[in-house]
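Participant: Structure provided below as structure tokens; questions to follow.
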Amino acid sequence: MFVSCINSEVRVEGLETLDYLDNLCQKERFTEQGDAITFESEVDRVYLSSPQCVAVLDHERKRTYVMRKEGLPDVVVWNPWEKKSKAMTDFGDEEYKQMLCVDAAAIEKNITLKPGEEWTGRVELAAVPSSFCSDDLDPHLKFF
Ligand SMILES: O=P(O)(O)OC[C@H]1O[C@@H](O)[C@H](O)[C@@H](O)[C@@H]1O
């Protein structure tokens, strides 16, 4: 998603206290501390067994992005920061400043289907005004 300023205006709520695999440390498992996630360097993590709703708060834009997911237990949080941005051919050198990847995924446990079986994963993203607060992260919220 497109954010105003990754290192001063943006935070992610809904992943506090969860375990995550850190792709920058050979996928070692850590536990997130109690605070919302903020950004001051490269991040590439897989948060495990997260709640259905995760919010990205953009203070400057006075906007909150709420991601609601079904069937996808994990959440990837990624920003390549300066050095990796410069090394990626399909990514502008400065683009990391206004970019944040927060995406639903199934990474820790594979989803395996038997022949004929079906599986559905679903992700909804809503932009809501900043007056919306994380207490309202109701999994039954209707976005559309
Ligand atoms: O280069 P790709 O395949 O578009 O992936 C970009 C990034 O996508 C993120 O979702 C991953 O967490 C990162 O590890 C990866 O570098």
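The chains in the structure tokens are called A, B, ... from first to last as shown; in each chain the residues are counted from 1, and the ligands are counted from 1 in the order shown.
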Please report as a Markdown table every residue of region 72-136 of chain A lying within 12 Å of region 9-24 of chain A, along with the nearest atom pair and their distance in Å (one decimal), using only C-alpha atoms.
Facilitator:
| residue | atom | partner | partner_atom | distance |
| --- | --- | --- | --- | --- |
| A:Pro73 | CA | A:Leu18 | CA | 11.9 |
| A:Asp74 | CA | A:Tyr20 | CA | 9.0 |
| A:Val75 | CA | A:Leu15 | CA | 8.6 |
| A:Val76 | CA | A:Tyr20 | CA | 9.2 |
| A:Val77 | CA | A:Val12 | CA | 9.1 |
| A:Trp78 | CA | A:Asn23 | CA | 9.6 |
| A:Asn79 | CA | A:Leu24 | CA | 11.4 |
| A:Pro80 | CA | A:Leu24 | CA | 10.5 |
| A:Lys84 | CA | A:Leu24 | CA | 11.8 |
| A:Lys97 | CA | A:Glu9 | CA | 10.6 |
| A:Gln98 | CA | A:Val10 | CA | 9.7 |
| A:Met99 | CA | A:Val10 | CA | 10.1 |
| A:Leu100 | CA | A:Val10 | CA | 9.0 |
| A:Cys101 | CA | A:Val12 | CA | 10.8 |
| A:Val102 | CA | A:Val12 | CA | 8.8 |
| A:Asp103 | CA | A:Val12 | CA | 11.9 |
| A:Ile107 | CA | A:Leu21 | CA | 9.8 |
| A:Glu108 | CA | A:Leu21 | CA | 8.8 |
| A:Ser130 | CA | A:Val10 | CA | 11.9 |
| A:Cys133 | CA | A:Glu13 | CA | 9.9 |
| A:Ser134 | CA | A:Glu13 | CA | 7.1 |
| A:Asp135 | CA | A:Gly14 | CA | 9.9 |
| A:Asp136 | CA | A:Gly14 | CA | 11.1 |
Participant: Just asking: which residues within region 84-143 of chain A are strand (DSSP E) according to DSSP, as a ChimeraX atom specification?
Facilitator: /A:101-105,122-129
Participant: With only C-alpha atoms as the counted atoms, please give the residues lying no more than 10 Å from Thr120 (chain A), apart from itself and same-chain residues fewer than 6 positions off, as a PyMOL selection string.
Facilitator: chain A and resi 70-72
Participant: Which is closest to Tyr96 (chain A) among A:Ser41, A:Gln33, A:Gln26, A:Gln52, if we use only C-alpha atoms?
Facilitator: A:Ser41
Participant: Need the shell around Glu95 (chain A): protein/DNA/RNA residues with any atom at most 12 Å away, counting only C-alpha atoms. Skip same-chain ones fewer than 3 positions apart. Format as a list in words?
Facilitator: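 Here the answer would be Met1, Phe2, Val3, Ser4, Cys5, Ile6, Asn79, Pro80, Trp81, Glu82, Lys83, Lys84, Ser85, Lys86, Met88, Thr89, Asp90, Phe91, Gly92, Gln98, Met99 and Leu100 of chain A.
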Participant: Going by DSSP on the backbone, which residues of region 58-106 of chain A come out as alpha helix (DSSP H)? List them as a list in words.
Facilitator: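 Listing alpha helix (DSSP H) positions across region 58-106 of chain A yields Trp81, Glu82, Lys83, Lys84, Ser85, Lys86 and Ala87 of chain A.
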Participant: Selection from above, N, CA and C atoms, as a tab-separated table (two decimals), in the first residue's frame, can you write it?
Facilitator:
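Output (out.tsv):
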chain	number	residue	atom	x	y	z
A	81	TRP	N	13.50	-1.14	2.64
A	81	TRP	CA	14.35	-0.01	3.07
A	81	TRP	C	15.37	0.35	1.99
A	82	GLU	N	16.30	1.20	2.35
A	82	GLU	CA	17.10	1.90	1.33
A	82	GLU	C	18.02	0.99	0.50
A	83	LYS	N	18.82	0.19	1.20
A	83	LYS	CA	19.85	-0.59	0.48
A	83	LYS	C	19.21	-1.60	-0.47
A	84	LYS	N	18.21	-2.35	0.03
A	84	LYS	CA	17.59	-3.36	-0.83
A	84	LYS	C	16.80	-2.72	-1.97
A	85	SER	N	16.19	-1.56	-1.69
A	85	SER	CA	15.47	-0.85	-2.76
A	85	SER	C	16.40	-0.55	-3.93
A	86	LYS	N	17.61	-0.12	-3.60
A	86	LYS	CA	18.57	0.23	-4.65
A	86	LYS	C	19.02	-1.00	-5.43
A	87	ALA	N	18.97	-2.16	-4.77
A	87	ALA	CA	19.42	-3.39	-5.43
A	87	ALA	C	18.31	-4.02	-6.29
Participant: Rounded to one decimal place, report the CA of Asp35 (chain A)-atom 11 (C, counted along the ligand's line) of ligand 1 distance in Å.
Facilitator: 22.5 Å
Participant: Which residue gives the smallest distance to ligand 1 among A:Asn7, A:Glu32, A:Lys27, A:Val46, with only C-alpha atoms and all ligand atoms counted?
Facilitator: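 Closest candidate: A:Val46.
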Participant: Taking into account only C-alpha atoms, which residue in the set A:Lys114, A:Lys109, A:Arg29, A:Lys69 is nearest to Cys53 (chain A)?
Facilitator: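 Residue with the minimum atom-to-atom distance to Cys53 (chain A): A:Lys69.
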